[in-house]
>>> print(open('model-v5.pdb').read())   # PDB, C-alpha atoms
ATOM      1  CA  MET A   1      -5.191  23.438  -3.796
ATOM      2  CA  ILE A   2      -2.664  24.017  -1.021
ATOM      3  CA  SER A   3      -3.719  20.810   0.733
ATOM      4  CA  LEU A   4      -3.145  18.868  -2.494
ATOM      5  CA  PHE A   5       0.332  20.365  -2.768
ATOM      6  CA  LEU A   6       1.113  19.463   0.863
ATOM      7  CA  LYS A   7      -0.061  15.888   0.268
ATOM      8  CA  SER A   8       2.226  15.601  -2.740
ATOM      9  CA  LEU A   9       5.121  16.850  -0.583
ATOM     10  CA  LEU A  10       4.488  13.982   1.860
ATOM     11  CA  GLY A  11       4.740  11.482  -0.984
ATOM     12  CA  ALA A  12       7.887  13.113  -2.336
ATOM     13  CA  ALA A  13       9.457  13.068   1.140
ATOM     14  CA  ALA A  14       8.737   9.334   1.437
ATOM     15  CA  VAL A  15      10.386   8.676  -1.936
ATOM     16  CA  MET A  16      13.454  10.697  -0.946
ATOM     17  CA  ILE A  17      13.787   8.835   2.361
ATOM     18  CA  ILE A  18      13.520   5.499   0.536
ATOM     19  CA  ALA A  19      16.195   6.575  -1.982
ATOM     20  CA  LEU A  20      18.564   7.742   0.768
ATOM     21  CA  LEU A  21      18.078   4.631   2.896
ATOM     22  CA  SER A  22      18.550   2.292  -0.063
ATOM     23  CA  LYS A  23      22.087   3.655  -0.459
ATOM     24  CA  SER A  24      22.969   3.278   3.237
ATOM     25  CA  LYS A  25      24.315   0.349   5.255
ATOM     26  CA  SER A  26      20.794  -0.104   6.595
ATOM     27  CA  PHE A  27      19.275  -0.440   3.105
ATOM     28  CA  TYR A  28      16.652  -2.920   4.369
ATOM     29  CA  ILE A  29      14.959  -0.121   6.332
ATOM     30  CA  ALA A  30      13.864   1.248   2.929
ATOM     31  CA  GLY A  31      11.307  -1.584   2.976
ATOM     32  CA  LEU A  32       9.778  -0.185   6.160
ATOM     33  CA  ILE A  33       9.194   3.345   4.857
ATOM     34  CA  PRO A  34       6.334   2.407   2.470
ATOM     35  CA  LEU A  35       4.539   0.988   5.497
ATOM     36  CA  PHE A  36       4.512   4.378   7.227
ATOM     37  CA  PRO A  37       0.871   5.388   6.960
ATOM     38  CA  THR A  38       1.457   8.590   4.960
ATOM     39  CA  PHE A  39      -1.296   7.924   2.458
ATOM     40  CA  SER A  40      -3.465   6.155   5.027
ATOM     41  CA  LEU A  41      -3.379   9.257   7.214
ATOM     42  CA  ILE A  42      -4.480  11.350   4.249
ATOM     43  CA  ALA A  43      -7.213   8.881   3.262
ATOM     44  CA  HIS A  44      -8.467   8.500   6.837
ATOM     45  CA  PHE A  45      -8.545  12.255   7.339
ATOM     46  CA  ILE A  46     -10.512  12.760   4.125
ATOM     47  CA  VAL A  47     -12.953   9.929   4.884
ATOM     48  CA  GLY A  48     -13.313  11.103   8.489
ATOM     49  CA  THR A  49     -13.998  14.642   7.305
ATOM     50  CA  ASP A  50     -16.357  13.796   4.414
ATOM     51  CA  LYS A  51     -18.180  10.835   5.985
ATOM     52  CA  ASP A  52     -18.847   9.590   9.520
ATOM     53  CA  MET A  53     -16.936   7.432  12.006
ATOM     54  CA  GLU A  54     -18.626   4.288  10.675
ATOM     55  CA  ALA A  55     -17.120   4.996   7.252
ATOM     56  CA  LEU A  56     -13.743   5.561   8.905
ATOM     57  CA  ARG A  57     -14.018   2.179  10.656
ATOM     58  CA  ASP A  58     -14.968   0.497   7.366
ATOM     59  CA  THR A  59     -11.984   2.143   5.673
ATOM     60  CA  ALA A  60      -9.666   0.939   8.448
ATOM     61  CA  LEU A  61     -11.064  -2.594   8.233
ATOM     62  CA  PHE A  62     -10.579  -2.634   4.469
ATOM     63  CA  GLY A  63      -7.016  -1.436   5.100
ATOM     64  CA  ILE A  64      -6.456  -4.451   7.334
ATOM     65  CA  TYR A  65      -7.717  -6.759   4.597
ATOM     66  CA  SER A  66      -5.502  -4.942   2.073
ATOM     67  CA  LEU A  67      -2.487  -6.372   3.888
ATOM     68  CA  ILE A  68      -3.307  -9.703   2.226
ATOM     69  CA  PRO A  69      -2.436  -8.548  -1.329
ATOM     70  CA  TYR A  70       0.595  -6.666   0.013
ATOM     71  CA  SER A  71       1.817  -9.769   1.842
ATOM     72  CA  ALA A  72       1.286 -11.832  -1.302
ATOM     73  CA  TYR A  73       3.367  -9.261  -3.200
ATOM     74  CA  LEU A  74       6.231  -9.457  -0.688
ATOM     75  CA  ILE A  75       6.165 -13.263  -0.624
ATOM     76  CA  SER A  76       6.214 -13.226  -4.438
ATOM     77  CA  VAL A  77       9.186 -10.856  -4.546
ATOM     78  CA  PHE A  78      11.070 -13.151  -2.183
ATOM     79  CA  TYR A  79      10.119 -16.303  -4.125
ATOM     80  CA  PHE A  80      10.639 -14.970  -7.663
ATOM     81  CA  SER A  81      13.932 -13.272  -6.785
ATOM     82  CA  TYR A  82      15.524 -16.734  -6.752
ATOM     83  CA  ARG A  83      14.119 -17.612 -10.163
ATOM     84  CA  LEU A  84      13.750 -14.452 -12.266
ATOM     85  CA  SER A  85      15.565 -11.235 -13.134
ATOM     86  CA  LEU A  86      14.761  -8.020 -11.265
ATOM     87  CA  VAL A  87      12.231  -6.884 -13.873
ATOM     88  CA  GLY A  88      10.715 -10.368 -14.079
ATOM     89  CA  THR A  89      10.491 -10.597 -10.299
ATOM     90  CA  LEU A  90       8.789  -7.230  -9.907
ATOM     91  CA  THR A  91       6.454  -7.874 -12.840
ATOM     92  CA  ALA A  92       5.379 -11.265 -11.522
ATOM     93  CA  ALA A  93       4.962  -9.946  -7.980
ATOM     94  CA  THR A  94       2.884  -7.022  -9.245
ATOM     95  CA  LEU A  95       0.635  -9.414 -11.159
ATOM     96  CA  VAL A  96       0.203 -11.435  -7.966
ATOM     97  CA  TRP A  97      -0.753  -8.216  -6.144
ATOM     98  CA  VAL A  98      -3.274  -7.296  -8.879
ATOM     99  CA  ALA A  99      -4.837 -10.762  -8.727
ATOM    100  CA  CYS A 100      -5.092 -10.737  -4.928
ATOM    101  CA  ALA A 101      -6.379  -7.141  -4.856
ATOM    102  CA  SER A 102      -9.023  -8.039  -7.458
ATOM    103  CA  ILE A 103     -10.164 -10.999  -5.386
ATOM    104  CA  LEU A 104     -10.283  -8.766  -2.303
ATOM    105  CA  LEU A 105     -12.402  -6.179  -4.120
ATOM    106  CA  VAL A 106     -14.849  -8.814  -5.364
ATOM    107  CA  PHE A 107     -15.088 -10.284  -1.855
ATOM    108  CA  TRP A 108     -15.510  -6.874  -0.229
ATOM    109  CA  THR A 109     -18.162  -5.612  -2.638
ATOM    110  CA  ARG A 110     -20.183  -8.836  -2.481
ATOM    111  CA  TRP A 111     -20.063  -9.644   1.230
ATOM    112  CA  MET A 112     -18.877  -6.640   3.200
ATOM    113  CA  VAL A 113     -20.556  -3.609   1.604
ATOM    114  CA  PRO A 114     -24.160  -3.202   2.788
ATOM    115  CA  ALA A 115     -26.716  -3.242  -0.023
TER
END
>>> encode(input="model-v5.pdb", output="structure tokens")
Amino acid sequence: MISLFLKSLLGAAAVMIIALLSKSKSFYIAGLIPLFPTFSLIAHFIVGTDKDMEALRDTALFGIYSLIPYSAYLISVFYFSYRLSLVGTLTAATLVWVACASILLVFWTRWMVPA
């Protein structure tokens, strides 16, 4: 239970840093904070503890592939920000992320996961 609480503190700290940076002169750095591997460190520790190093490598490889939906999201935010409102932009970009993540999951489960 304590480890769960500590993990939630990491997430809360990331949100606070993002909020503080978004109000500063260097507001663009707020876009870098979500890329700090807070949750990846937690996930990799749990996988590395519960499984073996092969599972950790598979998790890391999937993480590399997961950059594709994230990149599609960022490209969509940039593109739609010229054409839509803030809510419209974020909604459309999120739908793009969901579509790309779904395609990634289908690809991964069909061709990358051993039977």
>>> resolve_selection(input="model-v5.pdb", expression="the PyMOL selection byres ((chain A and resi 10-19) around 9)", output="mmCIF file with C-alpha atoms, keeping the file's coordinate frame")
data_model
loop_
_atom_site.group_PDB
_atom_site.id
_atom_site.type_symbol
_atom_site.label_atom_id
_atom_site.label_comp_id
_atom_site.auth_asym_id
_atom_site.auth_seq_id
_atom_site.Cartn_x
_atom_site.Cartn_y
_atom_site.Cartn_z
ATOM 1 C CA PHE A 5 0.332 20.365 -2.768
ATOM 2 C CA LEU A 6 1.113 19.463 0.863
ATOM 3 C CA LYS A 7 -0.061 15.888 0.268
ATOM 4 C CA SER A 8 2.226 15.601 -2.740
ATOM 5 C CA LEU A 9 5.121 16.850 -0.583
ATOM 6 C CA LEU A 20 18.564 7.742 0.768
ATOM 7 C CA LEU A 21 18.078 4.631 2.896
ATOM 8 C CA SER A 22 18.550 2.292 -0.063
ATOM 9 C CA LYS A 23 22.087 3.655 -0.459
ATOM 10 C CA PHE A 27 19.275 -0.440 3.105
ATOM 11 C CA ILE A 29 14.959 -0.121 6.332
ATOM 12 C CA ALA A 30 13.864 1.248 2.929
ATOM 13 C CA GLY A 31 11.307 -1.584 2.976
ATOM 14 C CA LEU A 32 9.778 -0.185 6.160
ATOM 15 C CA ILE A 33 9.194 3.345 4.857
ATOM 16 C CA PRO A 34 6.334 2.407 2.470
ATOM 17 C CA PHE A 36 4.512 4.378 7.227
ATOM 18 C CA THR A 38 1.457 8.590 4.960
ATOM 19 C CA PHE A 39 -1.296 7.924 2.458
#
>>> resolve_selection(input="model-v5.pdb", expression="the PyMOL selection byres ((chain A and resi 63) around 12)", output="NGL selection string")
:A and (35 or 37 or 39-41 or 43-44 or 56-62 or 64-70 or 101 or 104-105 or 108)
>>> write_last_selection(input="model-v5.pdb", atoms="C-alpha atoms", output="PDB file, in the frame of the given file")
ATOM      1  CA  LEU A  35       4.539   0.988   5.497  1.00  0.00           C
ATOM      2  CA  PRO A  37       0.871   5.388   6.960  1.00  0.00           C
ATOM      3  CA  PHE A  39      -1.296   7.924   2.458  1.00  0.00           C
ATOM      4  CA  SER A  40      -3.465   6.155   5.027  1.00  0.00           C
ATOM      5  CA  LEU A  41      -3.379   9.257   7.214  1.00  0.00           C
ATOM      6  CA  ALA A  43      -7.213   8.881   3.262  1.00  0.00           C
ATOM      7  CA  HIS A  44      -8.467   8.500   6.837  1.00  0.00           C
ATOM      8  CA  LEU A  56     -13.743   5.561   8.905  1.00  0.00           C
ATOM      9  CA  ARG A  57     -14.018   2.179  10.656  1.00  0.00           C
ATOM     10  CA  ASP A  58     -14.968   0.497   7.366  1.00  0.00           C
ATOM     11  CA  THR A  59     -11.984   2.143   5.673  1.00  0.00           C
ATOM     12  CA  ALA A  60      -9.666   0.939   8.448  1.00  0.00           C
ATOM     13  CA  LEU A  61     -11.064  -2.594   8.233  1.00  0.00           C
ATOM     14  CA  PHE A  62     -10.579  -2.634   4.469  1.00  0.00           C
ATOM     15  CA  ILE A  64      -6.456  -4.451   7.334  1.00  0.00           C
ATOM     16  CA  TYR A  65      -7.717  -6.759   4.597  1.00  0.00           C
ATOM     17  CA  SER A  66      -5.502  -4.942   2.073  1.00  0.00           C
ATOM     18  CA  LEU A  67      -2.487  -6.372   3.888  1.00  0.00           C
ATOM     19  CA  ILE A  68      -3.307  -9.703   2.226  1.00  0.00           C
ATOM     20  CA  PRO A  69      -2.436  -8.548  -1.329  1.00  0.00           C
ATOM     21  CA  TYR A  70       0.595  -6.666   0.013  1.00  0.00           C
ATOM     22  CA  ALA A 101      -6.379  -7.141  -4.856  1.00  0.00           C
ATOM     23  CA  LEU A 104     -10.283  -8.766  -2.303  1.00  0.00           C
ATOM     24  CA  LEU A 105     -12.402  -6.179  -4.120  1.00  0.00           C
ATOM     25  CA  TRP A 108     -15.510  -6.874  -0.229  1.00  0.00           C
TER      26      TRP A 108
END
>>> resolve_selection(input="model-v5.pdb", expression="the PyMOL selection byres ((chain A and resi 97) around 8)", output="number ranges by chain")
A: 69-70, 72-73, 93-96, 98-101
>>> closest_residue(input="model-v5.pdb", among="A:Thr91, A:Leu4, A:Phe80, A:Ser85", to="A:Ile46", atoms="only C-alpha atoms")
A:Leu4
>>> build_atoms(input="model-v5.pdb", residues="stretch 78-104 of chain A", atoms="N, CA and C atoms", output="PDB file, keeping the file's coordinate frame")
ATOM      1  N   PHE A  78      10.083 -12.252  -2.782  1.00  0.00           N
ATOM      2  CA  PHE A  78      11.070 -13.151  -2.183  1.00  0.00           C
ATOM      3  C   PHE A  78      11.218 -14.424  -3.015  1.00  0.00           C
ATOM      4  N   TYR A  79      10.102 -15.050  -3.376  1.00  0.00           N
ATOM      5  CA  TYR A  79      10.119 -16.303  -4.125  1.00  0.00           C
ATOM      6  C   TYR A  79      10.723 -16.118  -5.525  1.00  0.00           C
ATOM      7  N   PHE A  80      10.202 -15.148  -6.278  1.00  0.00           N
ATOM      8  CA  PHE A  80      10.639 -14.970  -7.663  1.00  0.00           C
ATOM      9  C   PHE A  80      12.067 -14.433  -7.769  1.00  0.00           C
ATOM     10  N   SER A  81      12.569 -13.810  -6.716  1.00  0.00           N
ATOM     11  CA  SER A  81      13.932 -13.272  -6.785  1.00  0.00           C
ATOM     12  C   SER A  81      14.979 -14.376  -6.929  1.00  0.00           C
ATOM     13  N   TYR A  82      14.619 -15.596  -6.568  1.00  0.00           N
ATOM     14  CA  TYR A  82      15.524 -16.734  -6.752  1.00  0.00           C
ATOM     15  C   TYR A  82      15.438 -17.302  -8.167  1.00  0.00           C
ATOM     16  N   ARG A  83      14.387 -16.957  -8.898  1.00  0.00           N
ATOM     17  CA  ARG A  83      14.119 -17.612 -10.163  1.00  0.00           C
ATOM     18  C   ARG A  83      14.127 -16.685 -11.379  1.00  0.00           C
ATOM     19  N   LEU A  84      13.905 -15.386 -11.152  1.00  0.00           N
ATOM     20  CA  LEU A  84      13.750 -14.452 -12.266  1.00  0.00           C
ATOM     21  C   LEU A  84      14.696 -13.261 -12.124  1.00  0.00           C
ATOM     22  N   SER A  85      14.792 -12.480 -13.186  1.00  0.00           N
ATOM     23  CA  SER A  85      15.565 -11.235 -13.134  1.00  0.00           C
ATOM     24  C   SER A  85      14.804 -10.218 -12.275  1.00  0.00           C
ATOM     25  N   LEU A  86      15.416  -9.068 -12.049  1.00  0.00           N
ATOM     26  CA  LEU A  86      14.761  -8.020 -11.265  1.00  0.00           C
ATOM     27  C   LEU A  86      13.436  -7.605 -11.895  1.00  0.00           C
ATOM     28  N   VAL A  87      13.457  -7.313 -13.192  1.00  0.00           N
ATOM     29  CA  VAL A  87      12.231  -6.884 -13.873  1.00  0.00           C
ATOM     30  C   VAL A  87      11.197  -8.003 -13.859  1.00  0.00           C
ATOM     31  N   GLY A  88      11.631  -9.225 -14.111  1.00  0.00           N
ATOM     32  CA  GLY A  88      10.715 -10.368 -14.079  1.00  0.00           C
ATOM     33  C   GLY A  88      10.117 -10.571 -12.697  1.00  0.00           C
ATOM     34  N   THR A  89      10.954 -10.451 -11.678  1.00  0.00           N
ATOM     35  CA  THR A  89      10.491 -10.597 -10.299  1.00  0.00           C
ATOM     36  C   THR A  89       9.434  -9.563  -9.961  1.00  0.00           C
ATOM     37  N   LEU A  90       9.727  -8.297 -10.253  1.00  0.00           N
ATOM     38  CA  LEU A  90       8.789  -7.230  -9.907  1.00  0.00           C
ATOM     39  C   LEU A  90       7.512  -7.296 -10.742  1.00  0.00           C
ATOM     40  N   THR A  91       7.642  -7.718 -11.991  1.00  0.00           N
ATOM     41  CA  THR A  91       6.454  -7.874 -12.840  1.00  0.00           C
ATOM     42  C   THR A  91       5.565  -8.992 -12.307  1.00  0.00           C
ATOM     43  N   ALA A  92       6.160 -10.134 -12.030  1.00  0.00           N
ATOM     44  CA  ALA A  92       5.379 -11.265 -11.522  1.00  0.00           C
ATOM     45  C   ALA A  92       4.741 -10.931 -10.173  1.00  0.00           C
ATOM     46  N   ALA A  93       5.492 -10.299  -9.300  1.00  0.00           N
ATOM     47  CA  ALA A  93       4.962  -9.946  -7.980  1.00  0.00           C
ATOM     48  C   ALA A  93       3.827  -8.925  -8.097  1.00  0.00           C
ATOM     49  N   THR A  94       3.955  -7.998  -9.029  1.00  0.00           N
ATOM     50  CA  THR A  94       2.884  -7.022  -9.245  1.00  0.00           C
ATOM     51  C   THR A  94       1.631  -7.703  -9.769  1.00  0.00           C
ATOM     52  N   LEU A  95       1.792  -8.660 -10.664  1.00  0.00           N
ATOM     53  CA  LEU A  95       0.635  -9.414 -11.159  1.00  0.00           C
ATOM     54  C   LEU A  95      -0.031 -10.196 -10.038  1.00  0.00           C
ATOM     55  N   VAL A  96       0.762 -10.748  -9.130  1.00  0.00           N
ATOM     56  CA  VAL A  96       0.203 -11.435  -7.966  1.00  0.00           C
ATOM     57  C   VAL A  96      -0.592 -10.443  -7.121  1.00  0.00           C
ATOM     58  N   TRP A  97      -0.034  -9.246  -6.916  1.00  0.00           N
ATOM     59  CA  TRP A  97      -0.753  -8.216  -6.144  1.00  0.00           C
ATOM     60  C   TRP A  97      -2.071  -7.861  -6.825  1.00  0.00           C
ATOM     61  N   VAL A  98      -2.053  -7.650  -8.138  1.00  0.00           N
ATOM     62  CA  VAL A  98      -3.274  -7.296  -8.879  1.00  0.00           C
ATOM     63  C   VAL A  98      -4.320  -8.396  -8.735  1.00  0.00           C
ATOM     64  N   ALA A  99      -3.898  -9.644  -8.858  1.00  0.00           N
ATOM     65  CA  ALA A  99      -4.837 -10.762  -8.727  1.00  0.00           C
ATOM     66  C   ALA A  99      -5.439 -10.800  -7.323  1.00  0.00           C
ATOM     67  N   CYS A 100      -4.599 -10.692  -6.313  1.00  0.00           N
ATOM     68  CA  CYS A 100      -5.092 -10.737  -4.928  1.00  0.00           C
ATOM     69  C   CYS A 100      -5.964  -9.523  -4.602  1.00  0.00           C
ATOM     70  N   ALA A 101      -5.575  -8.350  -5.090  1.00  0.00           N
ATOM     71  CA  ALA A 101      -6.379  -7.141  -4.856  1.00  0.00           C
ATOM     72  C   ALA A 101      -7.730  -7.263  -5.560  1.00  0.00           C
ATOM     73  N   SER A 102      -7.759  -7.843  -6.736  1.00  0.00           N
ATOM     74  CA  SER A 102      -9.023  -8.039  -7.458  1.00  0.00           C
ATOM     75  C   SER A 102      -9.947  -8.980  -6.693  1.00  0.00           C
ATOM     76  N   ILE A 103      -9.380 -10.058  -6.188  1.00  0.00           N
ATOM     77  CA  ILE A 103     -10.164 -10.999  -5.386  1.00  0.00           C
ATOM     78  C   ILE A 103     -10.698 -10.302  -4.136  1.00  0.00           C
ATOM     79  N   LEU A 104      -9.858  -9.512  -3.487  1.00  0.00           N
ATOM     80  CA  LEU A 104     -10.283  -8.766  -2.303  1.00  0.00           C
ATOM     81  C   LEU A 104     -11.440  -7.825  -2.634  1.00  0.00           C
TER      82      LEU A 104
END
